[in-house]
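What's in structure-v4.txt: compact mmCIF, C-alpha atoms (C1' of nucleotides)
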```
# COMPACT_ATOMS: atom_id res chain seq x y z
CA MET G 1 13.47 -66.41 -15.07
CA ASN G 2 16.94 -66.39 -16.54
CA THR G 3 18.96 -69.53 -15.83
CA LEU G 4 22.12 -68.36 -17.51
CA ALA G 5 24.16 -68.34 -14.32
CA LEU G 6 23.08 -71.89 -13.53
CA ARG G 7 24.15 -73.23 -16.91
CA THR G 8 27.45 -71.41 -16.63
CA ALA G 9 28.16 -72.63 -13.13
CA TYR G 10 27.51 -76.25 -13.98
CA GLN G 11 29.51 -76.43 -17.17
CA HIS G 12 31.42 -79.74 -17.18
CA GLU G 13 32.19 -82.24 -19.88
CA LEU G 14 30.89 -85.18 -17.90
CA LEU G 15 27.63 -83.50 -16.99
CA THR G 16 25.15 -84.44 -19.70
CA GLU G 17 22.29 -82.27 -20.87
CA LYS G 18 19.92 -84.65 -19.12
CA ASP G 19 21.86 -84.39 -15.86
CA LEU G 20 21.94 -80.64 -16.17
CA THR G 21 18.16 -80.44 -16.49
CA GLN G 22 17.82 -82.47 -13.33
CA VAL G 23 20.37 -80.37 -11.50
CA CYS G 24 18.74 -77.09 -12.51
CA ALA G 25 15.35 -78.38 -11.43
CA ALA G 26 16.68 -78.90 -7.92
CA HIS G 27 17.29 -75.17 -7.50
CA HIS G 28 14.75 -72.57 -6.56
CA PRO G 29 14.98 -68.81 -7.00
CA ILE G 30 15.99 -66.71 -4.04
CA SER G 31 16.82 -63.08 -3.45
CA PHE G 32 18.58 -61.01 -0.82
CA SER G 33 18.60 -57.31 -0.04
CA LYS G 34 21.83 -55.41 0.35
CA GLY G 35 23.28 -56.12 3.77
CA ALA G 36 21.46 -59.43 4.19
CA GLN G 37 23.27 -62.21 5.99
CA ILE G 38 23.36 -65.28 3.75
CA VAL G 39 25.39 -67.55 6.01
CA GLU G 40 25.83 -66.82 9.73
CA THR G 41 28.68 -68.13 11.83
CA ASP G 42 27.88 -70.84 14.34
CA THR G 43 24.98 -72.18 12.29
CA ILE G 44 25.16 -75.15 9.94
CA ALA G 45 24.74 -74.21 6.28
CA ASP G 46 21.67 -75.85 4.75
CA GLY G 47 22.58 -75.43 1.09
CA TYR G 48 24.38 -73.12 -1.28
CA LEU G 49 23.50 -70.75 -4.06
CA VAL G 50 24.43 -69.88 -7.60
CA LEU G 51 24.57 -66.13 -7.98
CA GLU G 52 22.58 -64.70 -10.87
CA SER G 53 23.31 -61.05 -10.13
CA GLY G 54 24.71 -58.90 -7.36
CA LEU G 55 27.85 -58.92 -5.27
CA ILE G 56 28.52 -61.00 -2.16
CA ARG G 57 31.45 -61.34 0.21
CA SER G 58 32.52 -63.90 2.79
CA TYR G 59 34.49 -62.85 5.84
CA VAL G 60 35.84 -63.95 9.18
CA ILE G 61 36.50 -62.07 12.38
CA ASP G 62 40.05 -62.77 13.47
CA PHE G 63 41.24 -63.22 17.07
CA ASN G 64 41.76 -59.45 17.36
CA GLY G 65 38.20 -58.77 16.34
CA LYS G 66 39.28 -57.62 12.90
CA ASP G 67 36.96 -58.23 9.97
CA ILE G 68 38.79 -59.93 7.10
CA THR G 69 37.13 -60.46 3.73
CA THR G 70 38.00 -63.94 2.49
CA ASN G 71 36.27 -63.83 -0.89
CA PHE G 72 34.06 -61.88 -3.26
CA PHE G 73 31.38 -63.63 -5.30
CA THR G 74 30.12 -62.35 -8.63
CA GLN G 75 27.67 -63.56 -11.26
CA GLY G 76 27.75 -67.27 -12.05
CA GLU G 77 29.74 -68.18 -8.96
CA ILE G 78 28.86 -70.72 -6.30
CA VAL G 79 28.25 -68.99 -2.98
CA ILE G 80 28.96 -71.53 -0.29
CA GLU G 81 30.51 -72.17 3.09
CA VAL G 82 32.17 -75.44 2.13
CA SER G 83 33.29 -76.64 5.55
CA SER G 84 29.96 -76.09 7.17
CA LEU G 85 27.96 -77.66 4.36
CA PHE G 86 30.07 -80.74 3.78
CA GLN G 87 31.42 -81.41 7.21
CA ARG G 88 28.10 -80.54 8.86
CA ILE G 89 29.76 -78.26 11.36
CA PRO G 90 28.97 -74.69 12.46
CA ALA G 91 30.13 -72.09 9.95
CA LYS G 92 33.32 -70.24 10.78
CA GLU G 93 32.82 -67.74 7.99
CA SER G 94 29.96 -65.34 7.44
CA ILE G 95 28.58 -64.51 4.02
CA GLU G 96 26.73 -61.28 3.29
CA ALA G 97 25.16 -59.47 0.35
CA LEU G 98 26.95 -56.27 -0.63
CA THR G 99 24.20 -55.34 -3.09
CA ASP G 100 20.71 -56.62 -3.72
CA CYS G 101 21.14 -60.12 -5.12
CA VAL G 102 19.17 -62.76 -6.94
CA GLY G 103 20.24 -66.35 -7.36
CA TRP G 104 19.34 -69.99 -7.23
CA LYS G 105 19.44 -72.02 -4.08
CA ILE G 106 19.82 -75.74 -3.69
CA ASP G 107 19.19 -77.44 -0.36
CA PHE G 108 21.69 -79.86 1.09
CA GLN G 109 19.37 -82.87 0.90
CA ASP G 110 18.62 -82.28 -2.76
CA PHE G 111 22.29 -81.80 -3.45
CA GLN G 112 23.13 -85.04 -1.67
CA LYS G 113 20.67 -86.98 -3.74
CA LEU G 114 22.10 -85.65 -7.00
CA PHE G 115 25.65 -86.12 -5.80
CA HIS G 116 25.18 -89.77 -4.98
CA THR G 117 22.99 -90.46 -8.02
CA LEU G 118 24.64 -88.71 -10.93
CA GLU G 119 28.22 -89.67 -11.67
CA GLY G 120 28.64 -86.62 -13.87
CA PHE G 121 27.44 -84.35 -11.10
CA ARG G 122 29.96 -85.61 -8.62
CA GLU G 123 32.69 -85.27 -11.19
CA TRP G 124 31.59 -81.68 -11.59
CA GLY G 125 31.55 -81.20 -7.83
CA ARG G 126 35.00 -82.63 -7.37
CA ALA G 127 36.38 -80.51 -10.17
CA TRP G 128 34.77 -77.45 -8.66
CA MET G 129 36.36 -78.19 -5.29
CA ALA G 130 39.72 -78.85 -6.92
CA ASN G 131 39.53 -75.52 -8.65
CA SER G 132 38.56 -73.69 -5.47
CA LEU G 133 41.46 -75.25 -3.70
CA PHE G 134 43.74 -74.13 -6.48
CA GLU G 135 42.48 -70.57 -6.28
CA PHE G 136 43.10 -70.42 -2.55
CA LYS G 137 46.58 -71.77 -2.99
CA GLN G 138 47.23 -69.10 -5.55
CA ARG G 139 45.94 -66.55 -3.13
CA SER G 140 48.40 -67.71 -0.46
CA VAL G 141 51.25 -67.58 -2.95
CA ALA G 142 50.20 -64.11 -4.05
CA MET G 143 50.27 -62.94 -0.44
CA ILE G 144 53.88 -64.08 -0.29
CA ALA G 145 55.19 -63.29 -3.75
CA ASP G 146 53.28 -60.18 -4.84
CA SER G 147 53.29 -56.66 -3.45
CA ALA G 148 50.07 -55.05 -2.26
CA THR G 149 49.99 -53.02 -5.46
CA GLU G 150 50.23 -56.13 -7.60
CA ARG G 151 47.46 -57.83 -5.68
CA TYR G 152 45.33 -54.74 -6.15
CA HIS G 153 45.84 -54.79 -9.90
CA LYS G 154 45.09 -58.48 -10.14
CA LEU G 155 41.78 -58.01 -8.36
CA MET G 156 40.99 -55.08 -10.65
CA GLU G 157 41.48 -57.37 -13.61
CA THR G 158 39.67 -60.42 -12.33
CA LYS G 159 36.76 -58.80 -10.49
CA PRO G 160 36.35 -55.16 -11.43
CA GLU G 161 32.74 -55.24 -10.18
CA VAL G 162 34.10 -55.38 -6.67
CA PHE G 163 35.38 -51.82 -6.91
CA GLN G 164 31.97 -50.51 -7.85
CA HIS G 165 30.10 -52.01 -4.96
CA SER G 166 32.40 -52.73 -2.07
CA SER G 167 33.92 -50.34 0.46
CA LEU G 168 37.66 -49.73 0.64
CA LYS G 169 37.75 -51.41 3.99
CA HIS G 170 36.39 -54.70 2.69
CA ILE G 171 38.70 -54.68 -0.32
CA ALA G 172 41.70 -53.73 1.80
CA SER G 173 41.22 -56.62 4.22
CA TYR G 174 40.86 -58.99 1.26
CA LEU G 175 44.14 -57.73 -0.17
CA GLY G 176 45.84 -57.89 3.20
CA VAL G 177 46.50 -54.17 3.68
CA THR G 178 44.94 -51.39 5.73
CA ASP G 179 42.39 -49.14 4.12
CA THR G 180 44.86 -46.29 4.52
CA SER G 181 47.43 -48.12 2.43
CA LEU G 182 44.87 -49.10 -0.16
CA SER G 183 43.82 -45.49 -0.49
CA ARG G 184 47.44 -44.61 -1.25
CA ILE G 185 47.87 -47.48 -3.70
CA ARG G 186 44.80 -46.35 -5.54
CA LYS G 187 46.11 -42.80 -5.66
CA GLU G 188 49.42 -43.93 -7.12
CA THR G 189 47.62 -46.05 -9.69
CA ALA G 190 45.36 -43.23 -10.77
CA LYS G 191 48.36 -40.94 -11.12
CA ALA G 192 50.39 -43.33 -13.27
CA MET K 1 53.86 -103.77 6.66
CA ASN K 2 52.29 -101.23 8.94
CA THR K 3 49.03 -99.77 7.67
CA LEU K 4 48.54 -97.34 10.54
CA ALA K 5 48.81 -94.25 8.35
CA LEU K 6 46.20 -95.63 5.96
CA ARG K 7 43.68 -96.26 8.68
CA THR K 8 44.30 -92.82 10.14
CA ALA K 9 44.00 -91.04 6.81
CA TYR K 10 40.72 -92.69 5.94
CA GLN K 11 38.98 -92.18 9.24
CA HIS K 12 35.39 -91.13 8.51
CA GLU K 13 32.08 -92.00 10.12
CA LEU K 14 30.44 -92.98 6.83
CA LEU K 15 33.29 -95.22 5.75
CA THR K 16 32.47 -98.69 7.03
CA GLU K 17 35.01 -101.30 8.06
CA LYS K 18 34.16 -103.19 4.90
CA ASP K 19 34.72 -100.13 2.73
CA LEU K 20 37.96 -99.45 4.48
CA THR K 21 39.28 -102.90 3.73
CA GLN K 22 38.51 -102.38 0.08
CA VAL K 23 40.10 -98.96 0.07
CA CYS K 24 43.27 -100.16 1.75
CA ALA K 25 43.55 -103.03 -0.69
CA ALA K 26 43.69 -100.55 -3.57
CA HIS K 27 46.96 -99.10 -2.29
CA HIS K 28 50.42 -100.50 -2.86
CA PRO K 29 53.57 -99.72 -0.91
CA ILE K 30 56.00 -97.23 -2.39
CA SER K 31 59.14 -95.51 -1.21
CA PHE K 32 61.20 -92.47 -2.16
CA SER K 33 64.74 -91.41 -1.38
CA LYS K 34 65.53 -88.00 -0.01
CA GLY K 35 65.40 -85.49 -2.84
CA ALA K 36 63.14 -87.62 -5.06
CA GLN K 37 60.60 -85.80 -7.19
CA ILE K 38 57.14 -87.24 -6.41
CA VAL K 39 55.11 -84.97 -8.67
CA GLU K 40 56.69 -82.95 -11.47
CA THR K 41 55.20 -79.83 -12.98
CA ASP K 42 53.77 -80.12 -16.48
CA THR K 43 52.93 -83.78 -16.07
CA ILE K 44 49.51 -85.12 -15.14
CA ALA K 45 49.41 -86.76 -11.71
CA ASP K 46 48.49 -90.44 -11.92
CA GLY K 47 47.51 -91.00 -8.31
CA TYR K 48 48.29 -89.86 -4.82
CA LEU K 49 49.88 -91.29 -1.72
CA VAL K 50 49.32 -91.66 1.97
CA LEU K 51 52.53 -90.95 3.82
CA GLU K 52 53.61 -93.59 6.31
CA SER K 53 56.86 -91.93 7.32
CA GLY K 54 59.15 -89.14 6.19
CA LEU K 55 58.72 -85.50 5.27
CA ILE K 56 57.55 -84.10 1.94
CA ARG K 57 56.99 -80.60 0.62
CA SER K 58 55.10 -79.12 -2.32
CA TYR K 59 56.29 -75.94 -3.98
CA VAL K 60 55.86 -73.62 -6.92
CA ILE K 61 58.27 -71.41 -8.77
CA ASP K 62 56.78 -67.92 -8.94
CA PHE K 63 57.05 -65.51 -11.87
CA ASN K 64 60.34 -64.18 -10.49
CA GLY K 65 61.84 -67.65 -10.40
CA LYS K 66 61.50 -67.81 -6.62
CA ASP K 67 60.84 -71.17 -5.01
CA ILE K 68 57.87 -71.00 -2.64
CA THR K 69 56.95 -73.93 -0.41
CA THR K 70 53.18 -74.34 -0.45
CA ASN K 71 52.85 -77.19 2.02
CA PHE K 72 54.61 -79.73 4.20
CA PHE K 73 53.31 -83.28 4.48
CA THR K 74 53.90 -85.49 7.50
CA GLN K 75 52.86 -88.96 8.61
CA GLY K 76 49.27 -89.93 7.86
CA GLU K 77 48.71 -87.11 5.39
CA ILE K 78 47.50 -87.35 1.82
CA VAL K 79 50.23 -86.23 -0.56
CA ILE K 80 48.52 -85.04 -3.69
CA GLU K 81 48.42 -82.44 -6.42
CA VAL K 82 44.66 -81.98 -6.38
CA SER K 83 44.21 -79.86 -9.50
CA SER K 84 46.27 -82.10 -11.68
CA LEU K 85 44.71 -85.30 -10.44
CA PHE K 86 41.07 -84.26 -10.50
CA GLN K 87 41.03 -81.84 -13.37
CA ARG K 88 43.37 -84.00 -15.44
CA ILE K 89 45.62 -81.08 -16.23
CA PRO K 90 49.41 -80.63 -16.02
CA ALA K 91 50.62 -80.07 -12.48
CA LYS K 92 51.49 -76.50 -11.54
CA GLU K 93 53.08 -77.56 -8.26
CA SER K 94 55.99 -79.86 -7.70
CA ILE K 95 56.21 -82.29 -4.80
CA GLU K 96 59.49 -83.62 -3.43
CA ALA K 97 60.76 -85.82 -0.63
CA LEU K 98 62.78 -83.95 2.00
CA THR K 99 63.77 -87.21 3.70
CA ASP K 100 63.57 -90.84 2.72
CA CYS K 101 59.89 -91.70 2.69
CA VAL K 102 57.64 -94.71 2.66
CA GLY K 103 53.95 -94.62 1.92
CA TRP K 104 51.00 -96.11 0.09
CA LYS K 105 50.08 -95.17 -3.39
CA ILE K 106 46.73 -95.44 -5.08
CA ASP K 107 46.39 -95.02 -8.85
CA PHE K 108 43.82 -92.69 -10.31
CA GLN K 109 41.82 -95.44 -12.02
CA ASP K 110 41.52 -97.43 -8.81
CA PHE K 111 40.54 -94.31 -6.93
CA GLN K 112 37.89 -93.51 -9.52
CA LYS K 113 36.35 -96.91 -9.19
CA LEU K 114 36.11 -96.66 -5.41
CA PHE K 115 34.86 -93.09 -5.59
CA HIS K 116 31.99 -93.91 -7.87
CA THR K 117 31.19 -97.21 -6.16
CA LEU K 118 31.37 -96.53 -2.44
CA GLU K 119 29.12 -93.81 -1.10
CA GLY K 120 31.09 -93.68 2.12
CA PHE K 121 34.33 -93.23 0.24
CA ARG K 122 33.09 -90.24 -1.67
CA GLU K 123 31.75 -88.73 1.51
CA TRP K 124 35.21 -89.16 2.94
CA GLY K 125 36.76 -87.62 -0.15
CA ARG K 126 34.48 -84.64 -0.10
CA ALA K 127 35.10 -84.09 3.59
CA TRP K 128 38.85 -84.31 2.98
CA MET K 129 38.63 -81.72 0.23
CA ALA K 130 36.45 -79.47 2.38
CA ASN K 131 39.00 -79.66 5.15
CA SER K 132 41.90 -78.91 2.81
CA LEU K 133 40.06 -75.91 1.50
CA PHE K 134 39.49 -74.75 5.04
CA GLU K 135 43.16 -75.09 5.89
CA PHE K 136 44.20 -73.03 2.89
CA LYS K 137 41.70 -70.34 3.78
CA GLN K 138 43.14 -70.26 7.25
CA ARG K 139 46.57 -69.94 5.76
CA SER K 140 45.51 -66.92 3.72
CA VAL K 141 43.95 -65.33 6.77
CA ALA K 142 47.09 -66.01 8.80
CA MET K 143 49.18 -64.29 6.13
CA ILE K 144 47.01 -61.22 6.62
CA ALA K 145 46.28 -61.25 10.32
CA ASP K 146 49.36 -62.77 11.94
CA SER K 147 52.92 -61.54 12.12
CA ALA K 148 55.77 -63.63 10.76
CA THR K 149 56.69 -64.56 14.33
CA GLU K 150 53.18 -65.82 15.03
CA ARG K 151 53.13 -67.87 11.87
CA TYR K 152 56.47 -69.35 12.87
CA HIS K 153 55.15 -70.40 16.27
CA LYS K 154 52.01 -71.89 14.78
CA LEU K 155 54.06 -74.06 12.46
CA MET K 156 56.27 -75.08 15.36
CA GLU K 157 53.17 -76.28 17.18
CA THR K 158 51.42 -78.01 14.33
CA LYS K 159 54.36 -79.57 12.49
CA PRO K 160 57.48 -79.60 14.64
CA GLU K 161 58.96 -82.34 12.43
CA VAL K 162 59.44 -79.76 9.73
CA PHE K 163 62.13 -78.00 11.74
CA GLN K 164 64.14 -81.18 12.05
CA HIS K 165 64.29 -82.02 8.40
CA SER K 166 63.73 -78.94 6.27
CA SER K 167 66.13 -76.12 5.48
CA LEU K 168 65.50 -72.58 6.67
CA LYS K 169 64.94 -71.48 3.11
CA HIS K 170 62.04 -73.86 2.54
CA ILE K 171 60.43 -73.00 5.85
CA ALA K 172 60.93 -69.28 5.27
CA SER K 173 59.20 -69.31 1.90
CA TYR K 174 56.32 -71.27 3.41
CA LEU K 175 55.96 -68.66 6.13
CA GLY K 176 56.25 -65.82 3.65
CA VAL K 177 59.50 -64.31 4.90
CA THR K 178 63.11 -64.35 3.75
CA ASP K 179 65.49 -66.83 5.28
CA THR K 180 67.34 -63.90 6.80
CA SER K 181 64.25 -62.78 8.67
CA LEU K 182 63.46 -66.30 9.75
CA SER K 183 66.94 -66.66 11.15
CA ARG K 184 66.30 -63.53 13.25
CA ILE K 185 62.87 -64.68 14.36
CA ARG K 186 64.36 -67.94 15.50
CA LYS K 187 67.08 -66.12 17.39
CA GLU K 188 64.54 -63.93 19.19
CA THR K 189 62.47 -66.98 20.06
CA ALA K 190 65.42 -68.89 21.46
CA LYS K 191 66.38 -65.88 23.57
CA ALA K 192 62.95 -65.39 25.11
C1' DA Y 1 91.31 -85.25 5.54
C1' DT Y 2 90.71 -81.42 2.32
C1' DT Y 3 88.18 -78.83 -0.41
C1' DA Y 4 83.94 -77.20 -2.28
C1' DT Y 5 79.18 -76.16 -1.62
C1' DT Y 6 75.37 -75.11 0.65
C1' DT Y 7 73.18 -73.23 4.68
C1' DC Y 8 72.87 -70.06 8.39
C1' DT Y 9 73.94 -65.79 10.95
C1' DT Y 10 74.76 -61.02 11.45
C1' DG Y 11 75.46 -56.13 10.11
C1' DT Y 12 73.98 -51.97 7.65
C1' DC Y 13 70.73 -49.56 5.30
C1' DA Y 14 66.40 -49.10 2.39
C1' DT Y 15 61.49 -49.45 1.94
C1' DA Y 16 56.78 -50.90 2.24
C1' DT Y 17 53.29 -50.79 5.23
C1' DG Y 18 51.05 -49.82 9.74
C1' DG Y 19 49.23 -46.77 13.57
C1' DC Y 20 47.17 -42.79 14.71
C1' DA Y 21 44.79 -38.61 14.00
C1' DA Y 22 42.48 -34.78 11.56
C1' DG Y 23 39.92 -33.17 8.04
C1' DA Y 24 37.17 -33.88 3.66
C1' DA Y 25 33.81 -36.29 1.19
C1' DA Y 26 30.12 -39.14 0.66
C1' DT Y 27 26.12 -41.48 2.35
C1' DA Y 28 22.40 -42.47 5.34
C1' DC Y 29 18.93 -40.78 8.52
C1' DC Y 30 15.09 -37.83 10.34
C1' DG F 1 17.28 -29.73 3.87
C1' DG F 2 20.03 -30.44 7.68
C1' DT F 3 22.44 -33.44 10.78
C1' DA F 4 24.76 -37.59 11.92
C1' DT F 5 27.54 -41.39 10.47
C1' DT F 6 30.40 -43.74 7.78
C1' DT F 7 33.99 -43.74 4.38
C1' DC F 8 38.00 -41.91 2.33
C1' DT F 9 42.24 -39.11 2.08
C1' DT F 10 46.42 -37.27 3.79
C1' DG F 11 50.28 -36.23 6.98
C1' DC F 12 53.65 -37.70 10.35
C1' DC F 13 56.26 -41.01 12.43
C1' DA F 14 57.15 -45.98 13.93
C1' DT F 15 58.34 -50.59 12.73
C1' DA F 16 58.66 -54.98 10.50
C1' DT F 17 60.77 -56.92 6.90
C1' DG F 18 63.63 -56.92 2.67
C1' DA F 19 68.07 -56.42 -0.01
C1' DC F 20 72.68 -57.07 -0.08
C1' DA F 21 76.99 -58.62 1.52
C1' DA F 22 80.49 -60.93 4.43
C1' DG F 23 81.76 -64.30 7.32
C1' DA F 24 80.79 -68.66 10.10
C1' DA F 25 79.05 -73.13 10.31
C1' DA F 26 77.54 -77.23 8.55
C1' DT F 27 77.24 -80.64 4.93
C1' DA F 28 78.61 -82.93 0.88
C1' DA F 29 82.12 -84.37 -2.53
C1' DT F 30 86.70 -86.13 -3.89
```
Turn the structure described in the file into structure tokens.
Amino acid sequence: MNTLALRTAYQHELLTEKDLTQVCAAHHPISFSKGAQIVETDTIADGYLVLESGLIRSYVIDFNGKDITTNFFTQGEIVIEVSSLFQRIPAKESIEALTDCVGWKIDFQDFQKLFHTLEGFREWGRAWMANSLFEFKQRSVAMIADSATERYHKLMETKPEVFQHSSLKHIASYLGVTDTSLSRIRKETAKA
Amino acid sequence: MNTLALRTAYQHELLTEKDLTQVCAAHHPISFSKGAQIVETDTIADGYLVLESGLIRSYVIDFNGKDITTNFFTQGEIVIEVSSLFQRIPAKESIEALTDCVGWKIDFQDFQKLFHTLEGFREWGRAWMANSLFEFKQRSVAMIADSATERYHKLMETKPEVFQHSSLKHIASYLGVTDTSLSRIRKETAKA
DNA sequence: ATTATTTCTTGTCATATGGCAAGAAATACC
DNA sequence: GGTATTTCTTGCCATATGACAAGAAATAAT
């Protein structure tokens, strides 16, 4: 089986080749069919996965019962409900497969062992978290500073795969607009 | 000197009393005058601080030259530019004191030593990061799901201190509205 | 105290986006 | 293949918020 995604995901200067071998060995292959629920709300996540292929989204249901996509995951990304996994609390987000997916799963206990054993691994982990935090901050700033059209274009550039496999509705809620508006934005874009 | 904020900030079930003593000892008191720059963009952060008293904000300048407040920090909170500190890259956010402030600073090297030595401390750190990530996700969702008025009320509830010491402009950019709009929202609220 | 500067309010008007609904298109189901 | 269901588009109108500008109020500077 191809471990390309794993090697990509765990790229870090302080993670030695030896560490990396150990880390990879702690993962096992896993696959999901389109529509499968990968993390369910109100359960405690028991691990995370590195996505080898397919498209995944995380989402929450807001107080009005509206479904809001919080993230899209593509190849080589870590698919995880951070709060649930690391604070050992029930998940507040759901994660679902938008296409058939294959990936590598690591269980929490195995992760813990590596985290507390390998200095390089925890440096990687901390850097990964720092980067995630940065991306979410950027997202908040984009919601304030950019127009819906600009956010649409940015997503097109960074994750074009999303437009092949996700419905307008999911993309619209991620961008913070209605699907009606997104349909119009797309029309304008195509025209230009 | 009062170490209340320190003890509050480092509350975690896996951080023993012994660990905590060691952690506290790694901090030294520090103070800033109103208007002081605590973290400057394009420099690499050399530590972080636990705020004992005062009000601090972080902000970015967007591509249009607009100043956007990304966060407010109040007593007991960790004031930090995560990306810069943990990825050792130039800061993209600035952090400044909105009032005179006193707090406890820990230098990166001292933090590193504790992080890689004390299992409980890194559990705390990871939990802190997980929680920060969660808060930023919530912020993104609020930008999508809540009206400006709702976001205003939420901030009023969670950080009322902000309204005493920050200008409308800073609060407005944090909430994602213009100061004009915020002035009107406030008026409506007062009326009701 | 006086003046200058920044901050806040208020008015008018423009605009992006939402809400709702109807039809078209695509997809899933039997 | 035909029907049902979901998804997408489009029109009309409502509304929240922005842009700009002028004055008031507060704060800082001399």
Kindly give the distance, in Å, that separates atom CA of K:Ile38 and atom CA of K:Ile56, rounded to a single decimal.
8.9 Å
Quick one: residues within 9 Å of F:DA28, all atoms listed in the file, excluding same-chain residues fewer than 5 positions away - as a PyMOL selection string?
chain Y and resi 4-6
Near-stretch 115-129 of chain G list (10 Å; all atoms listed in the file; drop same-chain fewer than 3 positions) as a PyMOL selection string
(chain G and resi 9-16+19-20+22-23+78+82+109-112+132-135) or (chain K and resi 82-83+85-88+112+115-119+122-123+125-126+129-130+132-133)
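Atom pair atom CA of K:His28 / atom CA of K:Val50: separated by 10.1 Å.
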Which residues of chain K are close to chain F, meaning at most 10 Å apart when you count only C-alpha atoms (C1' of nucleotides), and how do they look as a count of residues only?
6
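The interatomic distance for the pair atom CA of G:Arg184 and atom CA of K:Tyr174 works out to 28.5 Å.
Applying a distance limit of 12 Å to all atoms listed in the file, the residues of chain Y near chain G read DA16, DT17, DG18, DG19, DC20, DA26 and DT27 of chain Y.
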I need the chosen residues saved as an mmCIF file, in the frame of the given file, with C-alpha atoms (C1' of nucleotides).
```
data_model
loop_
_atom_site.group_PDB
_atom_site.id
_atom_site.type_symbol
_atom_site.label_atom_id
_atom_site.label_comp_id
_atom_site.auth_asym_id
_atom_site.auth_seq_id
_atom_site.Cartn_x
_atom_site.Cartn_y
_atom_site.Cartn_z
ATOM 1 C "C1'" DA Y 16 56.780 -50.900 2.240
ATOM 2 C "C1'" DT Y 17 53.290 -50.790 5.230
ATOM 3 C "C1'" DG Y 18 51.050 -49.820 9.740
ATOM 4 C "C1'" DG Y 19 49.230 -46.770 13.570
ATOM 5 C "C1'" DC Y 20 47.170 -42.790 14.710
ATOM 6 C "C1'" DA Y 26 30.120 -39.140 0.660
ATOM 7 C "C1'" DT Y 27 26.120 -41.480 2.350
#
```
Enumerate, as a ChimeraX atom specification, the protein, DNA and RNA residues whose atoms approach (33.3, -54.8, -8.1) to within 10 Å, taking into account all atoms listed in the file and the coordinate frame of the file.
/G:54-56,72-74,98,155-156,158-167,171
Identify, on the basis of only C-alpha atoms (C1' of nucleotides), every residue whose closest approach to G:Met143 does not exceed 10 Å; exclude the query and any residue fewer than 2 positions from it along the same chain; express the result as a PyMOL selection string.
(chain G and resi 137-141+145-148+150-151+175-176) or (chain K and resi 140-141+143-144+176)
Counting all atoms listed in the file, what is within 10 Å of G:Ile106, bar same-chain residues fewer than 6 positions away, as an MDAnalysis selection string?
chainID G and resid 23:30 46:50
So that I can see what lies close to K:Gln37, please list as a PyMOL selection string the residues with an atom at most 8 Å from it, counting all atoms listed in the file and leaving out residues fewer than 3 positions away in the same chain.
chain K and resi 40+94-97
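Among G:Thr70, G:Gln75, G:Ser183, G:Thr99, the residue with the shortest atom-to-atom distance to chain K, counting all atoms listed in the file, is G:Thr70.
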Judged by only C-alpha atoms, the minimum distance to chain K among G:Ala190, G:Val60, G:Leu168, G:Cys101 is found for G:Val60
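Between chain K and the candidates G:Lys187, G:Arg57, G:Lys66, G:Arg7, the tightest atom-to-atom separation, counting all atoms listed in the file, involves G:Lys66.
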Restore N, CA and C atoms in stretch 20-30 of chain K and list the result as an mmCIF file, in the frame of the given file.
```cif
data_model
loop_
_atom_site.group_PDB
_atom_site.id
_atom_site.type_symbol
_atom_site.label_atom_id
_atom_site.label_comp_id
_atom_site.auth_asym_id
_atom_site.auth_seq_id
_atom_site.Cartn_x
_atom_site.Cartn_y
_atom_site.Cartn_z
ATOM 1 N N LEU K 20 36.579 -99.749 4.152
ATOM 2 C CA LEU K 20 37.960 -99.450 4.480
ATOM 3 C C LEU K 20 38.913 -100.544 4.008
ATOM 4 N N THR K 21 38.470 -101.780 4.183
ATOM 5 C CA THR K 21 39.280 -102.900 3.730
ATOM 6 C C THR K 21 39.516 -102.808 2.225
ATOM 7 N N GLN K 22 38.429 -102.513 1.522
ATOM 8 C CA GLN K 22 38.510 -102.380 0.080
ATOM 9 C C GLN K 22 39.430 -101.229 -0.335
ATOM 10 N N VAL K 23 39.290 -100.141 0.375
ATOM 11 C CA VAL K 23 40.100 -98.960 0.070
ATOM 12 C C VAL K 23 41.584 -99.260 0.304
ATOM 13 N N CYS K 24 41.876 -99.843 1.440
ATOM 14 C CA CYS K 24 43.270 -100.160 1.750
ATOM 15 C C CYS K 24 43.879 -101.093 0.708
ATOM 16 N N ALA K 25 43.070 -102.048 0.275
ATOM 17 C CA ALA K 25 43.550 -103.030 -0.690
ATOM 18 C C ALA K 25 43.936 -102.394 -2.031
ATOM 19 N N ALA K 26 43.394 -101.230 -2.292
ATOM 20 C CA ALA K 26 43.690 -100.550 -3.570
ATOM 21 C C ALA K 26 45.035 -99.829 -3.562
ATOM 22 N N HIS K 27 45.662 -99.776 -2.400
ATOM 23 C CA HIS K 27 46.960 -99.100 -2.290
ATOM 24 C C HIS K 27 48.100 -100.105 -2.385
ATOM 25 N N HIS K 28 49.221 -99.657 -2.881
ATOM 26 C CA HIS K 28 50.420 -100.500 -2.860
ATOM 27 C C HIS K 28 51.573 -99.705 -2.250
ATOM 28 N N PRO K 29 52.468 -100.409 -1.570
ATOM 29 C CA PRO K 29 53.570 -99.720 -0.910
ATOM 30 C C PRO K 29 54.499 -99.055 -1.923
ATOM 31 N N ILE K 30 55.081 -97.949 -1.506
ATOM 32 C CA ILE K 30 56.000 -97.230 -2.390
ATOM 33 C C ILE K 30 56.981 -96.466 -1.511
#
```
